[in-house]
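One structure is given here, and the rest of the page talks about it.
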Amino acid sequence: MKRKRAWAEPYKIKMIEHLHMTTPEERRRFIEEAGYNTFLLRSKDVYIDLLTDSGTSAMSDRQWAQIMLGDEAYAGSKDFLDMEAAVREYYGYQYVVPTHQGRAAEHLISKIMIKPGDFVPGNMYFTTTRLHQELAGGTFVDVIVDEAHDPESDFTFKGNINLQKLEELIIDKGPEKIPYVSMATTVNMAGGQPISMSNLRALRMLTSKYNIPIVHDMTRVAENAYMIQQYEEDYRHKTVAEIVREICDLTDMATMSAKKDALVNIGGFLAVNDYEVFEEARSLVVVYEGLHTYGGMAGRDMGALAVGIRESVSDEHIKARVGQVQYLGNKLLEAGIPIVHPIGTHGVFLNAKQFLPHIPQDQFPAQSLAAELYLDSGVRAMERGIVSAGRNKKTGEHNYPKLELVRLTIPRRVYTQSHMDVVADSVEAVYDKRENIGGLKMVFEPKYLRFFQARFEPVPVGWELVGNEELSYSK
Ligand SMILES: *Cc1c(COP(=O)(O)O)cnc(C)c1O
């Protein structure tokens, strides 16, 4: 048998940032003060921060060099032109409107494309994407394959769209009611799961038949391309850059949160091929973001983004990036921890329903598990379950998602394999004491995207909520 070689990060460290260690007593106090919501912790009180991979990546020396070279002209900055050129070269979209981050691009495209009463099908929702569709008067319809809702299924391309479901929706509502299909490369809420090229090609054929455009949420397109390269027969010998380009070429427009794949701390854009949509976006961006050659970004940030795009599609980079996530995931699998299968590309998702089966979903098991992990080691994760799913717009009830997850999201190029070992140890420690972990009740709920600012209090193990306030012992 061929011996498997150890592998290491394809970069070395030029500058370090000190981490702050805390005691268990301090962490108890900090999580109480944060209302058991890891979003409300101070970052200085966190040891290993796996809250998100958004804007938390380490920039390269070349990107930092661009920060110094930034052209801060109000109009026509060279850095905008560099960024536009990088988008055209690597993604192939013709027209680029910069925005301060991804949701701003979603805001623009939703306003331009969606009329009240429209339906927007997509491969599972993303929080900000769906909210902007709804604020524009649309209704989001999930047309992802059923496997995506099953954390046990080992299907490789859980980001695929169920084309039959989609066509039924088009026929039922009429193509004129469907302004576009919202297609994300790697589906965040399903656990960072990719869509296959063959599914995307079939989607292109179906949407062309009805003359419906595809809006590509390209937040993690390079990670998705890497999975296609690894698992789709015809793509084994193509580079990630080639596959990225092929994905983009099958779609009509794209929203980008450059804080993820593109290796910058802030930034995003809307990119389109249709000149009329571009014209409209270019005039709207001035209202909401800034002039069309900076859209809420500093010149230096656009310069760093141009370099980040180039670095993000390198095979070396993406192999190590996804490899680190897989390393952590495999360690947890070996320890028998219930996680979402298969392991995604930007994080490992703990299956809180299985981890804490004794906590009913309306006592927020994933929220509670994230708090417990922080208490154990200072590792910060986030809830992706009933809190994130929000309430039904009509009935006001909680949406009860099938997936109740805690996301351990890995920033790009920030932590080493040893940090991953510490995280795995801590998850195992929490798993060993899982029976003593209770649920939570929500004591403050914001109107929009409640998971960011909601506050909770502990519910002792074995207690049940009656109404919204009262507690009674149920066992
Ligand atoms: C982060 C993200 C967004 C929104 O981008 P922001 O830069 O956070 O505004 C949209 N879609 C997906 C899939 C994301 O992960």
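Each chain in the structure tokens gets a letter, A, B and so on, in the order shown; residues start at 1 in every chain, and ligands are counted from 1 in the order they appear.
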Set the cut-off to 10 Å, count only C-alpha atoms and all ligand atoms, and list whatever residues fall near ligand 1 as a CSV table (one decimal) with all heavy atoms, in the first residue's frame.
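So the final result, stored in part.csv, reads:
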chain,number,residue,atom,x,y,z
A,52,THR,N,-17.3,32.5,11.6
A,52,THR,CA,-17.6,32.6,10.1
A,52,THR,C,-16.3,32.6,9.3
A,52,THR,O,-15.2,32.9,9.9
A,52,THR,CB,-18.4,33.9,9.9
A,52,THR,OG1,-18.5,34.1,8.5
A,52,THR,CG2,-17.7,35.1,10.5
A,53,ASP,N,-16.4,32.4,8.1
A,53,ASP,CA,-15.3,32.5,7.1
A,53,ASP,C,-15.4,33.8,6.4
A,53,ASP,O,-14.8,34.0,5.4
A,53,ASP,CB,-15.2,31.3,6.2
A,53,ASP,CG,-16.4,31.3,5.3
A,53,ASP,OD1,-17.5,31.7,5.7
A,53,ASP,OD2,-16.3,30.7,4.1
A,54,SER,N,-16.3,34.7,6.9
A,54,SER,CA,-16.7,35.9,6.1
A,54,SER,C,-15.8,37.1,6.6
A,54,SER,O,-15.9,37.6,7.7
A,54,SER,CB,-18.1,36.2,6.3
A,54,SER,OG,-18.4,37.4,5.7
A,55,GLY,N,-14.9,37.5,5.7
A,55,GLY,CA,-14.1,38.7,6.0
A,55,GLY,C,-13.0,38.4,7.0
A,55,GLY,O,-12.3,39.3,7.5
A,99,THR,N,-19.8,46.7,-4.7
A,99,THR,CA,-20.7,47.0,-3.5
A,99,THR,C,-19.9,46.7,-2.2
A,99,THR,O,-18.9,46.1,-2.3
A,99,THR,CB,-21.9,46.0,-3.5
A,99,THR,OG1,-21.5,44.7,-3.5
A,99,THR,CG2,-22.8,46.3,-4.7
A,100,HIS,N,-20.4,47.2,-1.1
A,100,HIS,CA,-19.6,47.1,0.1
A,100,HIS,C,-19.5,45.6,0.6
A,100,HIS,O,-18.5,45.2,1.2
A,100,HIS,CB,-20.1,48.0,1.2
A,100,HIS,CG,-21.3,47.5,1.9
A,100,HIS,ND1,-22.6,47.6,1.4
A,100,HIS,CD2,-21.4,46.9,3.1
A,100,HIS,CE1,-23.4,47.1,2.3
A,100,HIS,NE2,-22.8,46.6,3.3
A,101,GLN,N,-20.5,44.8,0.3
A,101,GLN,CA,-20.4,43.4,0.5
A,101,GLN,C,-21.5,42.7,-0.3
A,101,GLN,O,-22.3,43.3,-1.0
A,101,GLN,CB,-20.4,43.0,2.0
A,101,GLN,CG,-21.5,43.4,2.8
A,101,GLN,CD,-21.3,43.1,4.3
A,101,GLN,OE1,-20.6,43.9,4.9
A,101,GLN,NE2,-21.8,42.0,4.8
A,102,GLY,N,-21.7,41.3,-0.1
A,102,GLY,CA,-22.6,40.6,-0.9
A,102,GLY,C,-24.0,41.0,-0.8
A,102,GLY,O,-24.7,41.1,-1.9
A,103,ARG,N,-24.5,41.2,0.4
A,103,ARG,CA,-25.9,41.5,0.5
A,103,ARG,C,-26.3,42.8,-0.2
A,103,ARG,O,-27.5,43.0,-0.6
A,103,ARG,CB,-26.3,41.6,2.0
A,103,ARG,CG,-25.8,42.7,2.8
A,103,ARG,CD,-25.8,42.5,4.3
A,103,ARG,NE,-25.0,41.4,4.7
A,103,ARG,CZ,-24.9,40.9,5.9
A,103,ARG,NH1,-25.7,41.4,6.8
A,103,ARG,NH2,-24.1,39.9,6.2
A,104,ALA,N,-25.4,43.7,-0.4
A,104,ALA,CA,-25.7,45.0,-1.1
A,104,ALA,C,-25.9,44.6,-2.6
A,104,ALA,O,-26.8,45.2,-3.3
A,104,ALA,CB,-24.6,46.0,-1.0
A,105,ALA,N,-25.2,43.7,-3.1
A,105,ALA,CA,-25.4,43.3,-4.5
A,105,ALA,C,-26.7,42.5,-4.6
A,105,ALA,O,-27.5,42.7,-5.6
A,105,ALA,CB,-24.3,42.3,-4.9
A,106,GLU,N,-27.1,41.8,-3.6
A,106,GLU,CA,-28.4,41.1,-3.6
A,106,GLU,C,-29.5,42.1,-3.5
A,106,GLU,O,-30.6,42.0,-4.2
A,106,GLU,CB,-28.5,40.2,-2.3
A,106,GLU,CG,-27.5,39.0,-2.4
A,106,GLU,CD,-27.4,38.3,-1.0
A,106,GLU,OE1,-27.9,38.8,0.0
A,106,GLU,OE2,-26.9,37.2,-1.0
A,107,HIS,N,-29.3,43.2,-2.8
A,107,HIS,CA,-30.3,44.3,-2.7
A,107,HIS,C,-30.6,44.8,-4.1
A,107,HIS,O,-31.7,45.0,-4.5
A,107,HIS,CB,-29.8,45.3,-1.7
A,107,HIS,CG,-30.6,46.5,-1.6
A,107,HIS,ND1,-30.1,47.8,-1.2
A,107,HIS,CD2,-32.0,46.7,-1.7
A,107,HIS,CE1,-31.1,48.6,-1.2
A,107,HIS,NE2,-32.3,48.0,-1.5
A,124,MET,N,-31.8,26.0,-2.0
A,124,MET,CA,-31.9,26.4,-0.5
A,124,MET,C,-31.7,27.9,-0.4
A,124,MET,O,-31.1,28.5,-1.2
A,124,MET,CB,-30.9,25.6,0.3
A,124,MET,CG,-31.4,25.4,1.8
A,124,MET,SD,-30.2,24.4,2.7
A,124,MET,CE,-31.0,22.8,2.6
A,125,TYR,N,-32.3,28.4,0.7
A,125,TYR,CA,-32.2,29.8,0.9
A,125,TYR,C,-30.9,30.2,1.6
A,125,TYR,O,-30.2,29.4,2.2
A,125,TYR,CB,-33.3,30.3,1.8
A,125,TYR,CG,-33.1,30.0,3.3
A,125,TYR,CD1,-32.7,31.1,4.1
A,125,TYR,CD2,-33.3,28.8,3.9
A,125,TYR,CE1,-32.5,30.9,5.5
A,125,TYR,CE2,-33.0,28.6,5.2
A,125,TYR,CZ,-32.6,29.6,6.0
A,125,TYR,OH,-32.4,29.4,7.3
A,126,PHE,N,-30.4,31.4,1.4
A,126,PHE,CA,-29.5,32.0,2.3
A,126,PHE,C,-30.1,33.2,3.0
A,126,PHE,O,-31.0,33.9,2.4
A,126,PHE,CB,-28.2,32.5,1.6
A,126,PHE,CG,-27.2,33.0,2.5
A,126,PHE,CD1,-26.5,32.1,3.4
A,126,PHE,CD2,-26.9,34.3,2.7
A,126,PHE,CE1,-25.6,32.6,4.3
A,126,PHE,CE2,-26.0,34.8,3.6
A,126,PHE,CZ,-25.4,34.0,4.5
A,127,THR,N,-29.8,33.5,4.2
A,127,THR,CA,-30.5,34.5,5.0
A,127,THR,C,-30.7,35.8,4.3
A,127,THR,O,-31.8,36.2,4.1
A,127,THR,CB,-29.8,34.7,6.4
A,127,THR,OG1,-28.4,35.0,6.1
A,127,THR,CG2,-29.8,33.4,7.2
A,128,THR,N,-29.6,36.4,3.9
A,128,THR,CA,-29.7,37.8,3.4
A,128,THR,C,-30.3,37.7,2.0
A,128,THR,O,-31.1,38.6,1.6
A,128,THR,CB,-28.3,38.5,3.3
A,128,THR,OG1,-27.4,37.7,2.5
A,128,THR,CG2,-27.7,38.7,4.7
A,129,THR,N,-30.0,36.7,1.2
A,129,THR,CA,-30.5,36.6,-0.1
A,129,THR,C,-32.0,36.5,-0.1
A,129,THR,O,-32.7,37.2,-0.8
A,129,THR,CB,-29.9,35.3,-0.8
A,129,THR,OG1,-28.6,35.1,-0.4
A,129,THR,CG2,-30.1,35.3,-2.3
A,130,ARG,N,-32.6,35.6,0.7
A,130,ARG,CA,-34.0,35.5,0.8
A,130,ARG,C,-34.7,36.7,1.3
A,130,ARG,O,-35.7,37.2,0.8
A,130,ARG,CB,-34.4,34.3,1.7
A,130,ARG,CG,-35.9,34.0,1.7
A,130,ARG,CD,-36.2,32.8,2.5
A,130,ARG,NE,-36.0,33.0,3.9
A,130,ARG,CZ,-36.1,32.1,4.9
A,130,ARG,NH1,-36.5,30.9,4.6
A,130,ARG,NH2,-35.8,32.4,6.1
A,183,MET,N,-29.1,30.6,-8.0
A,183,MET,CA,-28.3,29.4,-7.9
A,183,MET,C,-27.0,29.7,-7.1
A,183,MET,O,-26.2,30.6,-7.6
A,183,MET,CB,-28.0,28.9,-9.3
A,183,MET,CG,-27.3,27.6,-9.4
A,183,MET,SD,-25.5,27.6,-9.1
A,183,MET,CE,-25.0,28.7,-10.5
A,184,ALA,N,-26.8,29.1,-6.0
A,184,ALA,CA,-25.6,29.4,-5.2
A,184,ALA,C,-24.5,28.3,-5.5
A,184,ALA,O,-24.9,27.1,-5.5
A,184,ALA,CB,-25.9,29.4,-3.7
A,185,THR,N,-23.2,28.7,-5.6
A,185,THR,CA,-22.2,27.7,-5.7
A,185,THR,C,-21.6,27.5,-4.3
A,185,THR,O,-21.2,28.4,-3.7
A,185,THR,CB,-21.1,28.1,-6.7
A,185,THR,OG1,-20.9,29.5,-6.6
A,185,THR,CG2,-21.4,27.7,-8.1
A,186,THR,N,-21.7,26.3,-3.9
A,186,THR,CA,-21.8,25.7,-2.6
A,186,THR,C,-22.9,26.3,-1.8
A,186,THR,O,-23.1,27.6,-1.8
A,186,THR,CB,-20.5,25.7,-1.7
A,186,THR,OG1,-20.4,26.9,-1.0
A,186,THR,CG2,-19.2,25.3,-2.5
A,187,VAL,N,-23.7,25.5,-1.3
A,187,VAL,CA,-24.9,25.9,-0.5
A,187,VAL,C,-24.6,26.0,0.9
A,187,VAL,O,-24.4,25.0,1.6
A,187,VAL,CB,-26.1,25.0,-0.8
A,187,VAL,CG1,-27.3,25.4,0.0
A,187,VAL,CG2,-26.4,25.0,-2.3
A,188,ASN,N,-24.4,27.2,1.4
A,188,ASN,CA,-24.0,27.5,2.8
A,188,ASN,C,-24.9,26.8,3.8
A,188,ASN,O,-24.4,26.0,4.6
A,188,ASN,CB,-24.1,29.0,2.9
A,188,ASN,CG,-23.4,29.5,4.2
A,188,ASN,OD1,-23.2,28.7,5.1
A,188,ASN,ND2,-23.1,30.8,4.2
A,189,MET,N,-26.2,27.0,3.6
A,189,MET,CA,-27.2,26.5,4.7
A,189,MET,C,-27.3,25.0,4.6
A,189,MET,O,-27.8,24.4,5.6
A,189,MET,CB,-28.5,27.2,4.5
A,189,MET,CG,-28.5,28.7,4.5
A,189,MET,SD,-27.8,29.3,6.1
A,189,MET,CE,-29.3,29.3,7.1
A,192,GLY,N,-22.4,23.8,3.2
A,192,GLY,CA,-21.3,24.0,2.3
A,192,GLY,C,-21.2,23.0,1.2
A,192,GLY,O,-20.1,22.4,1.0
A,216,HIS,N,-26.3,33.9,-10.2
A,216,HIS,CA,-25.3,33.1,-9.5
A,216,HIS,C,-24.9,33.7,-8.2
A,216,HIS,O,-24.2,34.8,-8.2
A,216,HIS,CB,-24.2,32.9,-10.5
A,216,HIS,CG,-23.0,32.1,-10.0
A,216,HIS,ND1,-21.8,32.1,-10.6
A,216,HIS,CD2,-22.9,31.2,-9.0
A,216,HIS,CE1,-21.0,31.3,-10.0
A,216,HIS,NE2,-21.6,30.8,-9.0
A,217,ASP,N,-25.2,33.1,-7.1
A,217,ASP,CA,-24.5,33.5,-5.8
A,217,ASP,C,-23.2,32.9,-5.8
A,217,ASP,O,-23.0,31.7,-5.4
A,217,ASP,CB,-25.4,33.1,-4.6
A,217,ASP,CG,-24.8,33.6,-3.3
A,217,ASP,OD1,-23.6,33.9,-3.3
A,217,ASP,OD2,-25.5,33.6,-2.3
A,218,MET,N,-22.1,33.6,-6.2
A,218,MET,CA,-20.8,33.0,-6.5
A,218,MET,C,-19.9,33.2,-5.3
A,218,MET,O,-18.6,33.1,-5.4
A,218,MET,CB,-20.2,33.6,-7.7
A,218,MET,CG,-19.9,35.1,-7.6
A,218,MET,SD,-19.1,35.8,-9.1
A,218,MET,CE,-17.7,34.8,-9.2
A,219,THR,N,-20.5,33.3,-4.1
A,219,THR,CA,-19.7,33.5,-2.9
A,219,THR,C,-18.5,32.5,-2.7
A,219,THR,O,-17.5,32.9,-2.3
A,219,THR,CB,-20.7,33.5,-1.7
A,219,THR,OG1,-21.6,34.6,-1.9
A,219,THR,CG2,-20.0,33.7,-0.4
A,220,ARG,N,-18.8,31.3,-3.0
A,220,ARG,CA,-17.8,30.2,-2.8
A,220,ARG,C,-17.6,29.4,-4.1
A,220,ARG,O,-17.5,28.2,-4.1
A,220,ARG,CB,-18.1,29.3,-1.6
A,220,ARG,CG,-18.1,30.1,-0.3
A,220,ARG,CD,-18.4,29.2,0.9
A,220,ARG,NE,-18.5,30.0,2.1
A,220,ARG,CZ,-19.5,30.7,2.5
A,220,ARG,NH1,-20.6,30.7,1.8
A,220,ARG,NH2,-19.5,31.4,3.6
A,221,VAL,N,-17.5,30.1,-5.2
A,221,VAL,CA,-17.4,29.4,-6.5
A,221,VAL,C,-16.1,28.6,-6.6
A,221,VAL,O,-16.2,27.5,-7.2
A,221,VAL,CB,-17.6,30.4,-7.7
A,221,VAL,CG1,-16.4,31.4,-7.7
A,221,VAL,CG2,-17.8,29.7,-9.0
A,255,THR,N,-24.0,37.7,-7.9
A,255,THR,CA,-23.7,38.5,-6.7
A,255,THR,C,-22.5,37.8,-6.0
A,255,THR,O,-22.4,36.6,-5.9
A,255,THR,CB,-24.9,38.6,-5.8
A,255,THR,OG1,-25.3,37.2,-5.4
A,255,THR,CG2,-26.1,39.2,-6.4
A,256,MET,N,-21.6,38.7,-5.5
A,256,MET,CA,-20.4,38.1,-4.8
A,256,MET,C,-20.2,38.8,-3.5
A,256,MET,O,-20.2,40.0,-3.4
A,256,MET,CB,-19.2,38.4,-5.7
A,256,MET,CG,-17.9,38.0,-5.1
A,256,MET,SD,-17.8,36.2,-4.7
A,256,MET,CE,-16.1,35.8,-5.2
A,257,SER,N,-20.0,38.0,-2.5
A,257,SER,CA,-19.5,38.4,-1.2
A,257,SER,C,-18.0,38.1,-1.3
A,257,SER,O,-17.6,37.0,-1.0
A,257,SER,CB,-20.2,37.7,0.0
A,257,SER,OG,-19.4,38.0,1.1
A,258,ALA,N,-17.2,39.1,-1.6
A,258,ALA,CA,-15.7,38.9,-1.7
A,258,ALA,C,-15.1,38.5,-0.4
A,258,ALA,O,-13.9,38.2,-0.4
A,258,ALA,CB,-15.1,40.1,-2.4
A,259,LYS,N,-15.8,38.7,0.7
A,259,LYS,CA,-15.3,38.4,2.0
A,259,LYS,C,-15.1,36.9,2.2
A,259,LYS,O,-14.6,36.5,3.3
A,259,LYS,CB,-16.3,38.9,3.1
A,259,LYS,CG,-16.6,40.3,2.9
A,259,LYS,CD,-17.7,40.8,3.8
A,259,LYS,CE,-17.3,40.7,5.3
A,259,LYS,NZ,-18.4,41.3,6.2
A,260,LYS,N,-15.5,36.1,1.3
A,260,LYS,CA,-15.4,34.6,1.5
A,260,LYS,C,-14.3,34.1,0.5
A,260,LYS,O,-13.1,34.4,0.8
A,260,LYS,CB,-16.7,33.9,1.1
A,260,LYS,CG,-18.0,34.6,1.6
A,260,LYS,CD,-18.3,34.5,3.0
A,260,LYS,CE,-19.5,35.3,3.5
A,260,LYS,NZ,-20.7,35.1,2.9
A,261,ASP,N,-14.7,33.5,-0.6
A,261,ASP,CA,-13.7,33.0,-1.6
A,261,ASP,C,-12.6,34.0,-1.9
A,261,ASP,O,-11.4,33.6,-2.1
A,261,ASP,CB,-14.4,32.7,-2.9
A,261,ASP,CG,-14.3,31.2,-3.2
A,261,ASP,OD1,-13.9,30.4,-2.4
A,261,ASP,OD2,-14.7,30.9,-4.4
A,265,ASN,N,-11.1,41.3,3.4
A,265,ASN,CA,-11.8,41.5,4.7
A,265,ASN,C,-13.2,42.2,4.5
A,265,ASN,O,-14.1,42.1,5.3
A,265,ASN,CB,-11.0,42.2,5.7
A,265,ASN,CG,-9.7,41.5,5.9
A,265,ASN,OD1,-8.6,42.0,5.7
A,265,ASN,ND2,-9.8,40.3,6.4
A,266,ILE,N,-13.3,42.9,3.3
A,266,ILE,CA,-14.6,43.6,3.0
A,266,ILE,C,-14.7,43.7,1.5
A,266,ILE,O,-13.6,43.9,0.9
A,266,ILE,CB,-14.7,44.9,3.8
A,266,ILE,CG1,-16.1,45.5,3.7
A,266,ILE,CG2,-13.7,46.0,3.2
A,266,ILE,CD1,-17.1,44.8,4.6
A,267,GLY,N,-15.9,43.7,1.0
A,267,GLY,CA,-16.1,43.9,-0.4
A,267,GLY,C,-17.0,43.0,-1.1
A,267,GLY,O,-17.4,41.9,-0.5
A,268,GLY,N,-17.5,43.3,-2.2
A,268,GLY,CA,-18.4,42.5,-3.0
A,268,GLY,C,-18.7,43.2,-4.3
A,268,GLY,O,-18.1,44.2,-4.6
A,269,PHE,N,-19.5,42.5,-5.1
A,269,PHE,CA,-19.9,43.2,-6.4
A,269,PHE,C,-21.1,42.4,-7.0
A,269,PHE,O,-21.4,41.3,-6.6
A,269,PHE,CB,-18.8,43.2,-7.4
A,269,PHE,CG,-18.2,41.8,-7.7
A,269,PHE,CD1,-18.8,40.9,-8.6
A,269,PHE,CD2,-17.0,41.4,-7.1
A,269,PHE,CE1,-18.3,39.7,-8.9
A,269,PHE,CE2,-16.4,40.2,-7.4
A,269,PHE,CZ,-17.1,39.3,-8.3
A,346,HIS,N,-16.4,24.8,3.5
A,346,HIS,CA,-16.0,26.0,4.2
A,346,HIS,C,-16.1,25.8,5.7
A,346,HIS,O,-15.7,26.6,6.5
A,346,HIS,CB,-16.7,27.3,3.8
A,346,HIS,CG,-18.1,27.4,4.1
A,346,HIS,ND1,-19.1,26.6,3.5
A,346,HIS,CD2,-18.8,28.1,5.0
A,346,HIS,CE1,-20.3,26.9,4.0
A,346,HIS,NE2,-20.1,27.8,4.9
TODO: Check stretch 229-319 of chain A with DSSP on the backbone and list each residue it calls strand (DSSP E), as a VMD selection string.
DONE: chain A and resid 253 to 257 268 to 272
Within 10 Å of stretch 62-79 of chain A: each stretch 203-314 of chain A residue with its shortest pair, only C-alpha atoms, as JSON lines:
{"residue": "A:Leu263", "atom": "CA", "partner": "A:Gln63", "partner_atom": "CA", "distance": 9.0}
{"residue": "A:Val264", "atom": "CA", "partner": "A:Gln63", "partner_atom": "CA", "distance": 8.5}
{"residue": "A:Gly290", "atom": "CA", "partner": "A:Tyr74", "partner_atom": "CA", "distance": 9.4}
{"residue": "A:Leu291", "atom": "CA", "partner": "A:Ala75", "partner_atom": "CA", "distance": 7.2}
{"residue": "A:His292", "atom": "CA", "partner": "A:Ala75", "partner_atom": "CA", "distance": 8.2}
{"residue": "A:Thr293", "atom": "CA", "partner": "A:Gly76", "partner_atom": "CA", "distance": 5.8}
{"residue": "A:Tyr294", "atom": "CA", "partner": "A:Ala75", "partner_atom": "CA", "distance": 7.5}
{"residue": "A:Met297", "atom": "CA", "partner": "A:Glu72", "partner_atom": "CA", "distance": 9.8}
{"residue": "A:Ala298", "atom": "CA", "partner": "A:Glu72", "partner_atom": "CA", "distance": 6.6}
{"residue": "A:Gly299", "atom": "CA", "partner": "A:Glu72", "partner_atom": "CA", "distance": 4.9}
{"residue": "A:Arg300", "atom": "CA", "partner": "A:Gly70", "partner_atom": "CA", "distance": 3.8}
{"residue": "A:Asp301", "atom": "CA", "partner": "A:Ile67", "partner_atom": "CA", "distance": 6.6}
{"residue": "A:Met302", "atom": "CA", "partner": "A:Asp79", "partner_atom": "CA", "distance": 5.4}
{"residue": "A:Gly303", "atom": "CA", "partner": "A:Asp79", "partner_atom": "CA", "distance": 4.6}
{"residue": "A:Ala304", "atom": "CA", "partner": "A:Gln63", "partner_atom": "CA", "distance": 4.6}
{"residue": "A:Leu305", "atom": "CA", "partner": "A:Gln63", "partner_atom": "CA", "distance": 7.7}
{"residue": "A:Ala306", "atom": "CA", "partner": "A:Asp79", "partner_atom": "CA", "distance": 7.7}
{"residue": "A:Val307", "atom": "CA", "partner": "A:Gln63", "partner_atom": "CA", "distance": 6.0}
{"residue": "A:Gly308", "atom": "CA", "partner": "A:Gln63", "partner_atom": "CA", "distance": 6.9}
{"residue": "A:Glu311", "atom": "CA", "partner": "A:Gln63", "partner_atom": "CA", "distance": 9.5}
Selection export as a tab-separated table (two decimals), in the first residue's frame, atoms kept: N, CA, C and O atoms:
chain	number	residue	atom	x	y	z
A	263	LEU	N	-10.89	36.26	-0.54
A	263	LEU	CA	-9.75	36.52	0.35
A	263	LEU	C	-9.55	37.97	0.78
A	263	LEU	O	-8.42	38.39	1.02
A	264	VAL	N	-10.63	38.74	0.85
A	264	VAL	CA	-10.50	40.09	1.40
A	264	VAL	C	-11.38	40.25	2.64
A	264	VAL	O	-12.27	39.43	2.89
A	290	GLY	N	-22.52	53.99	-3.21
A	290	GLY	CA	-21.52	55.00	-3.54
A	290	GLY	C	-21.36	55.04	-5.05
A	290	GLY	O	-22.06	54.32	-5.77
A	291	LEU	N	-20.47	55.86	-5.52
A	291	LEU	CA	-20.30	55.99	-6.98
A	291	LEU	C	-20.00	54.62	-7.60
A	291	LEU	O	-19.45	53.73	-6.95
A	292	HIS	N	-20.35	54.46	-8.88
A	292	HIS	CA	-20.26	53.14	-9.53
A	292	HIS	C	-18.84	52.65	-9.71
A	292	HIS	O	-18.63	51.53	-10.16
A	293	THR	N	-17.83	53.47	-9.39
A	293	THR	CA	-16.46	52.94	-9.44
A	293	THR	C	-15.87	52.73	-8.05
A	293	THR	O	-14.67	52.51	-7.92
A	294	TYR	N	-16.71	52.78	-7.00
A	294	TYR	CA	-16.22	52.29	-5.70
A	294	TYR	C	-17.29	51.58	-4.88
A	294	TYR	O	-16.97	50.69	-4.08
A	297	MET	N	-16.60	50.65	-1.31
A	297	MET	CA	-15.26	50.12	-0.98
A	297	MET	C	-14.21	51.22	-1.13
A	297	MET	O	-14.33	52.09	-1.98
A	298	ALA	N	-13.15	51.11	-0.32
A	298	ALA	CA	-11.99	51.98	-0.51
A	298	ALA	C	-11.22	51.46	-1.73
A	298	ALA	O	-11.28	50.27	-2.06
A	299	GLY	N	-10.50	52.34	-2.37
A	299	GLY	CA	-9.68	51.94	-3.52
A	299	GLY	C	-8.76	50.78	-3.16
A	299	GLY	O	-8.66	49.78	-3.88
A	300	ARG	N	-8.10	50.90	-2.00
A	300	ARG	CA	-7.14	49.85	-1.59
A	300	ARG	C	-7.81	48.49	-1.45
A	300	ARG	O	-7.22	47.46	-1.76
A	301	ASP	N	-9.08	48.49	-0.99
A	301	ASP	CA	-9.78	47.21	-0.83
A	301	ASP	C	-10.10	46.58	-2.19
A	301	ASP	O	-10.07	45.36	-2.34
A	302	MET	N	-10.40	47.44	-3.16
A	302	MET	CA	-10.65	46.90	-4.52
A	302	MET	C	-9.36	46.33	-5.10
A	302	MET	O	-9.37	45.32	-5.80
A	303	GLY	N	-8.23	46.98	-4.79
A	303	GLY	CA	-6.92	46.48	-5.26
A	303	GLY	C	-6.61	45.12	-4.66
A	303	GLY	O	-6.17	44.19	-5.36
A	304	ALA	N	-6.85	45.01	-3.35
A	304	ALA	CA	-6.60	43.72	-2.67
A	304	ALA	C	-7.54	42.65	-3.21
A	304	ALA	O	-7.17	41.48	-3.33
A	305	LEU	N	-8.76	43.06	-3.56
A	305	LEU	CA	-9.74	42.11	-4.10
A	305	LEU	C	-9.29	41.57	-5.46
A	305	LEU	O	-9.41	40.37	-5.73
A	306	ALA	N	-8.74	42.46	-6.29
A	306	ALA	CA	-8.27	42.02	-7.61
A	306	ALA	C	-7.22	40.91	-7.45
A	306	ALA	O	-7.27	39.89	-8.14
A	307	VAL	N	-6.31	41.10	-6.50
A	307	VAL	CA	-5.28	40.08	-6.26
A	307	VAL	C	-5.90	38.83	-5.63
A	307	VAL	O	-5.55	37.69	-5.98
A	308	GLY	N	-6.84	39.06	-4.71
A	308	GLY	CA	-7.51	37.95	-4.03
A	308	GLY	C	-8.23	37.02	-5.00
A	308	GLY	O	-8.20	35.80	-4.85
A	311	GLU	N	-5.61	34.80	-6.56
A	311	GLU	CA	-5.09	33.79	-5.64
A	311	GLU	C	-6.13	32.72	-5.31
A	311	GLU	O	-5.80	31.56	-5.08
TODO: Within 12 Å of A:Tyr210, counting only C-alpha atoms, which residues show up once you throw out same-chain ones fewer than 4 positions away? Write them as a PyMOL selection string, please.
DONE: chain A and resi 166-167+169-171+174-181+203-206+214
Using only C-alpha atoms, I'd like a table of the residues in stretch 121-239 of chain A that come within 8 Å of stretch 391-403 of chain A; for each, show the closest atom pair and its distance in Å rounded to one decimal, ordered by chain and ascending number, as CSV.
residue,atom,partner,partner_atom,distance
A:His149,CA,A:Lys402,CA,6.3
A:Asp150,CA,A:Leu403,CA,7.6
A:Pro151,CA,A:Leu403,CA,7.2
A:Ala190,CA,A:Leu403,CA,7.9
Task: Nearby residues (only C-alpha atoms) at most 12 Å from A:Val322, same-chain spacing under 5 positions excluded, as a ChimeraX atom specification - done: /A:9,192-193,220,222-227,230,261,312,315-317,327-329,343-348,409-413
Open item on the list: Set the distance at 8 Å and use only C-alpha atoms: which residues neighbour A:Val87 once local chain neighbours fewer than 4 positions away are removed? I'd like the list as a list in words.
Closed with: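 The neighbour list is Met83, Tyr91, Gly92, Tyr93, Val96, Ala306 and Ile309 of chain A.
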Open item on the list: Report, in Å to a single decimal, how far apart atom CA of A:Leu50 and atom CA of A:Val459 are.
Closed with: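 Separating atom CA of A:Val459 from atom CA of A:Leu50 is a distance of 25.3 Å.
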